[in-house]
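Next comes query-v6.csv, with CSV, C-alpha atoms.
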chain,number,residue,atom,x,y,z
A,1,MET,CA,-44.5,-42.8,-45.7
A,2,VAL,CA,-47.8,-40.9,-46.1
A,3,SER,CA,-47.9,-37.9,-43.8
A,4,LEU,CA,-51.1,-37.0,-42.0
A,5,ALA,CA,-51.3,-33.9,-44.1
A,6,GLN,CA,-51.6,-36.0,-47.2
A,7,ARG,CA,-54.5,-38.0,-45.8
A,8,SER,CA,-58.2,-37.2,-46.4
A,9,LEU,CA,-58.4,-35.9,-42.8
A,10,PRO,CA,-55.6,-33.3,-42.9
A,11,VAL,CA,-55.2,-32.7,-39.1
A,12,GLU,CA,-52.2,-30.5,-38.4
A,13,PHE,CA,-49.8,-31.6,-35.7
A,14,VAL,CA,-47.7,-28.7,-34.3
A,15,ASP,CA,-45.1,-31.2,-33.1
A,16,PRO,CA,-43.4,-32.8,-36.1
A,17,GLU,CA,-42.1,-35.6,-34.0
A,18,LEU,CA,-45.6,-36.6,-32.9
A,19,GLU,CA,-46.9,-36.3,-36.4
A,20,ALA,CA,-44.1,-38.6,-37.7
A,21,SER,CA,-44.7,-41.1,-34.8
A,22,VAL,CA,-48.5,-41.2,-35.5
A,23,SER,CA,-47.9,-41.5,-39.3
A,24,ARG,CA,-45.5,-44.4,-38.9
A,25,ARG,CA,-48.0,-46.3,-36.8
A,26,LEU,CA,-50.8,-45.6,-39.3
A,27,GLU,CA,-48.6,-47.0,-42.0
A,28,VAL,CA,-48.2,-50.2,-40.0
A,29,ILE,CA,-52.0,-50.4,-39.4
A,30,GLU,CA,-52.7,-49.9,-43.1
A,31,LYS,CA,-50.4,-52.8,-44.0
A,32,ARG,CA,-51.8,-55.0,-41.2
A,33,LEU,CA,-55.4,-54.3,-42.2
A,34,GLN,CA,-54.8,-55.9,-45.7
A,35,GLU,CA,-52.8,-58.8,-44.1
A,36,VAL,CA,-55.5,-59.7,-41.6
A,37,ILE,CA,-58.3,-59.4,-44.2
A,38,ASP,CA,-56.6,-61.8,-46.6
A,39,SER,CA,-58.7,-65.0,-46.1
A,40,GLY,CA,-56.8,-67.3,-48.5
A,41,ASP,CA,-59.9,-67.2,-50.7
A,42,ALA,CA,-59.4,-64.8,-53.6
A,43,PHE,CA,-63.0,-63.7,-54.0
A,44,LEU,CA,-63.7,-63.2,-50.3
A,45,THR,CA,-60.5,-61.3,-49.9
A,46,GLU,CA,-61.4,-59.1,-52.8
A,47,ALA,CA,-64.9,-58.4,-51.5
A,48,ALA,CA,-63.8,-57.9,-47.9
A,49,SER,CA,-61.0,-55.5,-49.1
A,50,HIS,CA,-63.3,-53.5,-51.3
A,51,VAL,CA,-64.1,-50.7,-48.8
A,52,LEU,CA,-60.6,-50.7,-47.4
A,53,LYS,CA,-59.1,-50.1,-50.9
A,54,ALA,CA,-61.6,-47.3,-51.5
A,55,GLY,CA,-59.6,-45.3,-48.9
A,56,GLY,CA,-61.0,-43.5,-45.9
A,57,LYS,CA,-60.0,-41.1,-43.2
A,58,ARG,CA,-58.7,-43.8,-40.7
A,59,PHE,CA,-59.9,-41.4,-38.0
A,60,ARG,CA,-60.4,-44.1,-35.4
A,61,PRO,CA,-56.9,-45.6,-35.6
A,62,MET,CA,-55.4,-42.1,-35.9
A,63,LEU,CA,-57.1,-41.1,-32.7
A,64,SER,CA,-56.2,-44.3,-31.0
A,65,VAL,CA,-52.5,-44.1,-31.7
A,66,THR,CA,-52.5,-40.4,-30.9
A,67,ALA,CA,-54.1,-41.1,-27.5
A,68,ALA,CA,-51.4,-43.8,-27.0
A,69,HIS,CA,-48.8,-41.0,-26.7
A,70,PHE,CA,-50.1,-40.3,-23.2
A,71,GLY,CA,-48.2,-43.5,-22.4
A,72,ASP,CA,-46.0,-45.8,-24.3
A,73,PRO,CA,-47.2,-45.9,-28.0
A,74,ASP,CA,-45.0,-48.9,-28.6
A,75,ALA,CA,-46.7,-51.0,-26.0
A,76,HIS,CA,-48.4,-54.3,-27.0
A,77,GLY,CA,-52.0,-53.9,-27.8
A,78,VAL,CA,-51.9,-50.4,-29.2
A,79,ILE,CA,-51.7,-51.4,-32.9
A,80,GLU,CA,-53.8,-54.5,-32.3
A,81,SER,CA,-56.7,-52.6,-30.7
A,82,SER,CA,-56.6,-50.0,-33.4
A,83,LEU,CA,-56.9,-52.8,-36.0
A,84,VAL,CA,-60.0,-54.1,-34.1
A,85,MET,CA,-61.7,-50.8,-34.1
A,86,GLU,CA,-61.1,-50.0,-37.8
A,87,LEU,CA,-62.2,-53.5,-38.8
A,88,THR,CA,-65.4,-53.1,-36.8
A,89,HIS,CA,-66.0,-49.7,-38.5
A,90,LEU,CA,-65.3,-51.1,-42.0
A,91,ALA,CA,-67.7,-54.0,-41.3
A,92,THR,CA,-70.5,-51.6,-40.4
A,93,LEU,CA,-70.1,-49.7,-43.6
A,94,TYR,CA,-70.9,-52.9,-45.6
A,95,HIS,CA,-74.1,-53.3,-43.6
A,96,ASP,CA,-75.0,-49.6,-43.7
A,97,ASP,CA,-74.8,-49.6,-47.5
A,98,VAL,CA,-77.2,-52.6,-47.7
A,99,MET,CA,-79.6,-50.9,-45.3
A,100,ASP,CA,-79.4,-47.6,-47.2
A,101,GLU,CA,-79.4,-49.3,-50.6
A,102,ALA,CA,-76.4,-47.1,-51.4
A,103,ALA,CA,-74.9,-47.4,-54.8
A,104,MET,CA,-71.6,-45.6,-54.0
A,105,ARG,CA,-69.1,-45.6,-51.2
A,106,ARG,CA,-66.2,-43.2,-51.1
A,107,GLY,CA,-66.6,-42.4,-54.8
A,108,ALA,CA,-66.6,-46.1,-55.9
A,109,PRO,CA,-69.5,-48.6,-56.4
A,110,SER,CA,-70.5,-50.0,-53.1
A,111,ALA,CA,-70.0,-53.7,-52.5
A,112,ASN,CA,-73.8,-54.4,-52.7
A,113,SER,CA,-74.1,-52.6,-56.0
A,114,ARG,CA,-71.0,-54.3,-57.4
A,115,TRP,CA,-71.9,-57.8,-56.3
A,116,SER,CA,-75.1,-58.2,-54.2
A,117,ASN,CA,-76.6,-57.5,-50.8
A,118,SER,CA,-75.7,-61.1,-49.8
A,119,ILE,CA,-72.1,-60.6,-50.7
A,120,ALA,CA,-71.9,-57.3,-48.9
A,121,ILE,CA,-73.5,-58.7,-45.7
A,122,LEU,CA,-71.2,-61.7,-45.7
A,123,SER,CA,-68.2,-59.5,-46.3
A,124,GLY,CA,-69.2,-57.3,-43.3
A,125,ASP,CA,-69.7,-60.5,-41.2
A,126,TYR,CA,-66.3,-61.7,-42.2
A,127,LEU,CA,-64.7,-58.5,-41.0
A,128,PHE,CA,-66.5,-58.7,-37.7
A,129,ALA,CA,-65.1,-62.3,-37.4
A,130,VAL,CA,-61.6,-61.1,-38.1
A,131,ALA,CA,-62.0,-58.3,-35.5
A,132,SER,CA,-63.3,-60.9,-33.0
A,133,GLU,CA,-60.3,-63.1,-33.5
A,134,LEU,CA,-57.9,-60.3,-32.9
A,135,VAL,CA,-59.7,-58.9,-29.9
A,136,ALA,CA,-59.7,-62.4,-28.2
A,137,GLU,CA,-55.9,-62.1,-28.1
A,138,LEU,CA,-56.1,-58.8,-26.1
A,139,GLY,CA,-57.8,-60.3,-23.0
A,140,SER,CA,-61.3,-60.8,-21.6
A,141,GLU,CA,-61.8,-57.2,-20.5
A,142,THR,CA,-61.1,-55.9,-24.0
A,143,VAL,CA,-63.5,-58.5,-25.4
A,144,ARG,CA,-66.2,-57.1,-23.0
A,145,GLU,CA,-65.3,-53.5,-24.1
A,146,GLN,CA,-65.7,-54.5,-27.7
A,147,ALA,CA,-69.0,-56.2,-27.0
A,148,ARG,CA,-70.4,-53.2,-25.1
A,149,THR,CA,-69.4,-51.0,-28.0
A,150,PHE,CA,-71.0,-53.2,-30.5
A,151,SER,CA,-74.2,-53.2,-28.5
A,152,ARG,CA,-74.3,-49.5,-28.5
A,153,LEU,CA,-73.7,-49.5,-32.3
A,154,VAL,CA,-76.7,-51.7,-32.8
A,155,HIS,CA,-78.8,-49.6,-30.4
A,156,GLY,CA,-77.9,-46.5,-32.5
A,157,GLN,CA,-78.6,-48.2,-35.8
A,158,ILE,CA,-82.0,-49.5,-34.5
A,159,ALA,CA,-82.9,-46.1,-33.2
A,160,GLU,CA,-82.0,-44.5,-36.5
A,161,THR,CA,-84.0,-47.1,-38.4
A,162,VAL,CA,-87.3,-46.8,-36.4
A,163,GLY,CA,-87.1,-43.1,-35.8
A,164,PRO,CA,-88.1,-41.1,-32.8
A,165,PRO,CA,-91.3,-42.2,-30.9
A,166,GLU,CA,-94.2,-39.8,-30.8
A,167,GLY,CA,-93.6,-36.8,-28.6
A,168,VAL,CA,-89.8,-37.2,-28.7
A,169,ASP,CA,-87.8,-34.3,-30.2
A,170,PRO,CA,-86.3,-35.5,-33.5
A,171,VAL,CA,-83.1,-33.5,-33.0
A,172,ASP,CA,-82.5,-34.9,-29.5
A,173,TRP,CA,-83.2,-38.4,-30.9
A,174,TYR,CA,-80.8,-37.8,-33.8
A,175,LEU,CA,-78.0,-36.7,-31.5
A,176,ARG,CA,-78.6,-39.7,-29.4
A,177,VAL,CA,-78.3,-41.9,-32.5
A,178,LEU,CA,-75.0,-40.3,-33.4
A,179,THR,CA,-73.7,-40.8,-29.9
A,180,ASP,CA,-74.3,-44.5,-30.0
A,181,LYS,CA,-73.8,-45.2,-33.7
A,182,THR,CA,-70.7,-43.0,-34.3
A,183,GLY,CA,-69.4,-41.7,-31.0
A,184,SER,CA,-69.2,-45.1,-29.2
A,185,LEU,CA,-66.7,-46.7,-31.5
A,186,ILE,CA,-64.5,-43.6,-31.7
A,187,ALA,CA,-64.6,-43.4,-27.9
A,188,THR,CA,-63.5,-47.0,-27.5
A,189,ALA,CA,-60.7,-46.5,-30.1
A,190,ALA,CA,-59.4,-43.6,-28.0
A,191,ARG,CA,-59.8,-45.5,-24.7
A,192,LEU,CA,-58.0,-48.6,-25.8
A,193,GLY,CA,-55.1,-46.7,-27.4
A,194,ALA,CA,-54.5,-44.9,-24.1
A,195,GLN,CA,-55.2,-47.9,-21.9
A,196,PHE,CA,-52.8,-50.3,-23.7
A,197,ALA,CA,-50.2,-47.5,-23.7
A,198,GLY,CA,-50.4,-47.6,-19.9
A,199,ALA,CA,-51.9,-44.1,-19.4
A,200,PRO,CA,-53.4,-43.3,-16.0
A,201,THR,CA,-57.1,-44.3,-15.5
A,202,SER,CA,-58.1,-40.6,-15.4
A,203,VAL,CA,-56.5,-40.0,-18.8
A,204,VAL,CA,-58.1,-43.1,-20.3
A,205,ASP,CA,-61.5,-42.0,-19.1
A,206,ALA,CA,-61.0,-38.5,-20.4
A,207,VAL,CA,-59.8,-39.5,-23.9
A,208,ALA,CA,-62.8,-41.8,-24.1
A,209,GLU,CA,-65.2,-38.9,-23.3
A,210,TYR,CA,-63.3,-36.8,-25.8
A,211,GLY,CA,-63.6,-39.5,-28.4
A,212,GLU,CA,-67.3,-39.8,-28.0
A,213,THR,CA,-67.9,-36.1,-28.2
A,214,ILE,CA,-65.5,-35.5,-31.2
A,215,GLY,CA,-67.2,-38.5,-32.8
A,216,VAL,CA,-70.6,-36.7,-32.8
A,217,ALA,CA,-68.9,-33.5,-34.1
A,218,PHE,CA,-67.3,-35.6,-36.8
A,219,GLN,CA,-70.7,-36.7,-38.1
A,220,LEU,CA,-72.3,-33.3,-37.7
A,221,SER,CA,-69.4,-31.8,-39.8
A,222,ASP,CA,-70.2,-34.4,-42.5
A,223,ASP,CA,-73.9,-33.4,-42.4
A,224,LEU,CA,-73.0,-29.8,-43.0
A,225,LEU,CA,-70.5,-30.7,-45.7
A,226,ASP,CA,-73.2,-32.5,-47.7
A,227,ILE,CA,-74.9,-29.2,-48.0
A,228,ALA,CA,-72.2,-26.5,-47.8
A,229,SER,CA,-69.4,-28.0,-49.9
A,230,ASP,CA,-69.0,-27.0,-53.6
A,231,GLY,CA,-67.9,-30.4,-54.6
A,232,ASP,CA,-67.1,-33.9,-53.3
A,233,THR,CA,-65.3,-32.6,-50.3
A,234,SER,CA,-66.7,-35.1,-47.8
A,235,GLY,CA,-65.9,-38.2,-49.9
A,236,LYS,CA,-69.4,-38.6,-51.2
A,237,VAL,CA,-71.7,-37.1,-53.8
A,238,GLN,CA,-72.9,-33.7,-52.8
A,239,GLY,CA,-76.5,-33.7,-51.7
A,240,LEU,CA,-76.6,-37.5,-51.6
A,241,ASP,CA,-78.2,-37.5,-48.1
A,242,LEU,CA,-80.9,-35.1,-49.4
A,243,MET,CA,-81.7,-37.3,-52.4
A,244,GLU,CA,-81.8,-40.4,-50.3
A,245,GLY,CA,-84.1,-38.8,-47.7
A,246,ILE,CA,-81.6,-39.2,-44.9
A,247,PRO,CA,-82.5,-36.8,-42.1
A,248,THR,CA,-79.3,-35.0,-41.3
A,249,LEU,CA,-79.2,-32.2,-38.7
A,250,PRO,CA,-79.8,-29.2,-41.0
A,251,VAL,CA,-82.8,-31.1,-42.5
A,252,LEU,CA,-84.2,-31.9,-39.1
A,253,TYR,CA,-83.9,-28.3,-38.0
A,254,ALA,CA,-85.6,-27.2,-41.2
A,255,GLN,CA,-88.4,-29.7,-40.7
A,256,VAL,CA,-89.2,-28.5,-37.2
A,257,GLY,CA,-88.2,-24.8,-37.4
A,258,ASP,CA,-90.9,-22.2,-37.2
A,259,ASP,CA,-88.9,-19.9,-39.5
A,260,THR,CA,-88.5,-22.4,-42.3
A,261,SER,CA,-89.9,-21.2,-45.6
A,262,PRO,CA,-92.9,-23.2,-46.9
A,263,ARG,CA,-90.9,-24.1,-50.0
A,264,LEU,CA,-88.0,-25.5,-48.1
A,265,ARG,CA,-90.2,-27.3,-45.7
A,266,GLU,CA,-92.0,-28.9,-48.7
A,267,LEU,CA,-88.7,-29.9,-50.4
A,268,VAL,CA,-87.2,-31.6,-47.3
A,269,SER,CA,-90.3,-33.4,-46.3
A,270,LYS,CA,-89.4,-36.2,-48.6
A,271,PRO,CA,-86.3,-37.4,-50.6
A,272,VAL,CA,-85.2,-34.6,-52.9
A,273,ALA,CA,-85.6,-35.1,-56.6
A,274,GLN,CA,-82.5,-34.6,-58.7
A,275,GLU,CA,-84.2,-31.6,-60.5
A,276,ASP,CA,-84.9,-29.9,-57.1
A,277,LEU,CA,-81.4,-30.5,-55.6
A,278,GLU,CA,-79.8,-27.2,-56.5
A,279,GLU,CA,-82.8,-25.2,-55.3
A,280,THR,CA,-82.9,-27.2,-52.0
A,281,LEU,CA,-79.2,-26.7,-51.4
A,282,GLU,CA,-79.5,-23.0,-52.1
A,283,LEU,CA,-82.4,-22.6,-49.7
A,284,LEU,CA,-80.7,-24.7,-47.0
A,285,ARG,CA,-77.4,-22.8,-47.2
A,286,SER,CA,-79.1,-19.5,-46.4
A,287,SER,CA,-81.6,-20.9,-43.9
A,288,ALA,CA,-81.9,-20.5,-40.1
A,289,ALA,CA,-81.7,-24.3,-39.9
A,290,MET,CA,-78.2,-24.3,-41.3
A,291,LYS,CA,-77.1,-21.6,-38.8
A,292,GLN,CA,-78.6,-23.7,-36.0
A,293,ALA,CA,-76.8,-26.8,-37.2
A,294,ARG,CA,-73.5,-24.9,-37.3
A,295,LYS,CA,-74.2,-23.7,-33.7
A,296,THR,CA,-74.8,-27.3,-32.6
A,297,LEU,CA,-71.5,-28.4,-34.2
A,298,ASP,CA,-69.7,-25.5,-32.5
A,299,GLU,CA,-71.1,-26.7,-29.2
A,300,PHE,CA,-69.8,-30.2,-29.6
A,301,GLY,CA,-66.5,-28.9,-30.8
A,302,GLU,CA,-66.2,-26.8,-27.6
A,303,ARG,CA,-67.3,-29.7,-25.4
A,304,ALA,CA,-64.5,-31.9,-26.9
A,305,LYS,CA,-62.0,-29.1,-26.5
A,306,ALA,CA,-62.9,-28.6,-22.9
A,307,VAL,CA,-62.3,-32.3,-22.2
A,308,ALA,CA,-59.0,-32.2,-24.1
A,309,GLY,CA,-58.0,-29.3,-21.9
A,310,SER,CA,-58.3,-31.5,-18.8
A,311,LEU,CA,-55.6,-33.8,-20.2
A,312,PRO,CA,-51.8,-33.6,-19.4
A,313,ALA,CA,-50.2,-30.6,-21.1
A,314,GLY,CA,-48.1,-31.3,-24.1
A,315,SER,CA,-48.1,-31.9,-27.9
A,316,THR,CA,-50.6,-34.8,-27.6
A,317,ARG,CA,-53.1,-32.6,-25.9
A,318,ASP,CA,-52.5,-29.9,-28.4
A,319,ALA,CA,-53.1,-32.3,-31.2
A,320,LEU,CA,-56.5,-33.3,-29.8
A,321,THR,CA,-57.4,-29.7,-29.3
A,322,GLY,CA,-56.5,-29.0,-32.9
A,323,MET,CA,-58.8,-31.8,-34.1
A,324,CYS,CA,-61.7,-29.9,-32.5
A,325,ASP,CA,-60.9,-26.8,-34.4
A,326,TYR,CA,-60.5,-28.8,-37.6
A,327,MET,CA,-63.9,-30.5,-37.2
A,328,VAL,CA,-65.6,-27.2,-37.0
A,329,ALA,CA,-63.6,-25.4,-39.7
A,330,ARG,CA,-63.8,-28.2,-42.3
A,331,SER,CA,-67.6,-27.6,-42.9
A,332,SER,CA,-67.4,-23.8,-43.1
Would you write the structure of this file as structure tokens?
Amino acid sequence: MVSLAQRSLPVEFVDPELEASVSRRLEVIEKRLQEVIDSGDAFLTEAASHVLKAGGKRFRPMLSVTAAHFGDPDAHGVIESSLVMELTHLATLYHDDVMDEAAMRRGAPSANSRWSNSIAILSGDYLFAVASELVAELGSETVREQARTFSRLVHGQIAETVGPPEGVDPVDWYLRVLTDKTGSLIATAARLGAQFAGAPTSVVDAVAEYGETIGVAFQLSDDLLDIASDGDTSGKVQGLDLMEGIPTLPVLYAQVGDDTSPRLRELVSKPVAQEDLEETLELLRSSAAMKQARKTLDEFGERAKAVAGSLPAGSTRDALTGMCDYMVARSS
């Protein structure tokens, strides 16, 4: 059994019984993911399993089965809804890589670079289809919840693609994008885990709010890691976002900040060339923009912690609180 401490998201559970319980369920989910992706067609199975086999944090199912401990974690629907959420997430990664023209995913060649954009898109579509088949077995209300979540994902992706309208603060726009594109799926994962476990409605609503907030913190933490880390800490090439011209939070603050140096402003006004990467990273790390981005991450971490504090006392609440601290500390 792989413990949570051995995973790429080393969240510490103070209660060893809770950690063991969550770990056991994650092992089941990992096995089931490969089983449900197997299409009977060797090539499609290989392509659709490509991102799964590359690894990943499995943050959504981990949060889902942790939230299920506010009720009965063995209840029907807990594992199944976790599978649906992770399959949906994996599907979006295929489509994201095509849109971003990404060559790598989690340290390995992306599906679109290994095969083609068409194969990557169809692989993502297939994973959506598998998720849809599974969610249909969980009842019409869960189908509606999945549809609402997917709608928010698309809204977030569209907003990211078109960028902020004239007169709209780009930082506010970016945080809205993250709330829809990243936070919504994590919120639904937490909600369904608690809901199927039979937790009270007030708890279900609170863990969903927690999930959405910690989801934004999760992405902001990755934004900072792309700049602050000394190596491939975040599971991707350091500075990749900068070189691809992806406007992460520190870059947005640098672009709009009055105290940004002219040189840094020039460097981040376009995709950063390989030969300018080290200079850009050095300037960003010591900039006011980086400090402001850390402050924003801290704020989301504190918001999530406040929501966690409203949940029933016990080791499950403590675990959720610990996740908030980890999200902030991992990018320091």
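With all atoms listed in the file as the atoms that count, the minimum distance from Glu80 of chain A to the choices A:Leu122, A:Val216, A:Val177, A:Leu192 is reached by A:Leu192.
Remark: for Asp205 of chain A, the closest of the candidate residues A:Val51, A:Leu134, A:Ala190, A:Ala217 is A:Ala190 (distances computed over only C-alpha atoms).
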Distance query Leu52 of chain A at most 12 Å, only C-alpha atoms, self and fewer than 4 positions along chain excluded, as a CSV table (one decimal) with C-alpha atoms, in the coordinates of the input:
chain,number,residue,atom,x,y,z
A,29,ILE,CA,-52.0,-50.4,-39.4
A,30,GLU,CA,-52.7,-49.9,-43.1
A,31,LYS,CA,-50.4,-52.8,-44.0
A,32,ARG,CA,-51.8,-55.0,-41.2
A,33,LEU,CA,-55.4,-54.3,-42.2
A,34,GLN,CA,-54.8,-55.9,-45.7
A,35,GLU,CA,-52.8,-58.8,-44.1
A,36,VAL,CA,-55.5,-59.7,-41.6
A,37,ILE,CA,-58.3,-59.4,-44.2
A,38,ASP,CA,-56.6,-61.8,-46.6
A,45,THR,CA,-60.5,-61.3,-49.9
A,46,GLU,CA,-61.4,-59.1,-52.8
A,47,ALA,CA,-64.9,-58.4,-51.5
A,48,ALA,CA,-63.8,-57.9,-47.9
A,56,GLY,CA,-61.0,-43.5,-45.9
A,57,LYS,CA,-60.0,-41.1,-43.2
A,58,ARG,CA,-58.7,-43.8,-40.7
A,86,GLU,CA,-61.1,-50.0,-37.8
A,87,LEU,CA,-62.2,-53.5,-38.8
A,88,THR,CA,-65.4,-53.1,-36.8
A,89,HIS,CA,-66.0,-49.7,-38.5
A,90,LEU,CA,-65.3,-51.1,-42.0
A,91,ALA,CA,-67.7,-54.0,-41.3
A,93,LEU,CA,-70.1,-49.7,-43.6
A,94,TYR,CA,-70.9,-52.9,-45.6
A,105,ARG,CA,-69.1,-45.6,-51.2
A,106,ARG,CA,-66.2,-43.2,-51.1
A,108,ALA,CA,-66.6,-46.1,-55.9
A,110,SER,CA,-70.5,-50.0,-53.1
A,111,ALA,CA,-70.0,-53.7,-52.5
A,123,SER,CA,-68.2,-59.5,-46.3
A,124,GLY,CA,-69.2,-57.3,-43.3
A,127,LEU,CA,-64.7,-58.5,-41.0
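Distances from A:Leu311, A:Ile227, A:Leu240, A:Ile79 to Ala189 of chain A were compared using all atoms listed in the file, and the smallest one belongs to A:Ile79.
If you look at atom CA of Gly257 of chain A and atom CA of Glu275 of chain A, they are 24.4 Å away from each other.
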| Shell of 12 Å around Val154 of chain A, only C-alpha atoms, local chain residues under 5 positions omitted, as an MDAnalysis selection string | chainID A and resid 92 95:96 147:149 159:161 177:182 184:185
| request: Identify, on the basis of only C-alpha atoms, every residue whose closest approach to Gly77 of chain A does not exceed 10 Å; exclude the query and any residue fewer than 2 positions from it along the same chain; express the result as a VMD selection string. | output: chain A and resid 73 to 75 79 to 83 135 137 to 139 192 to 193 195 to 197
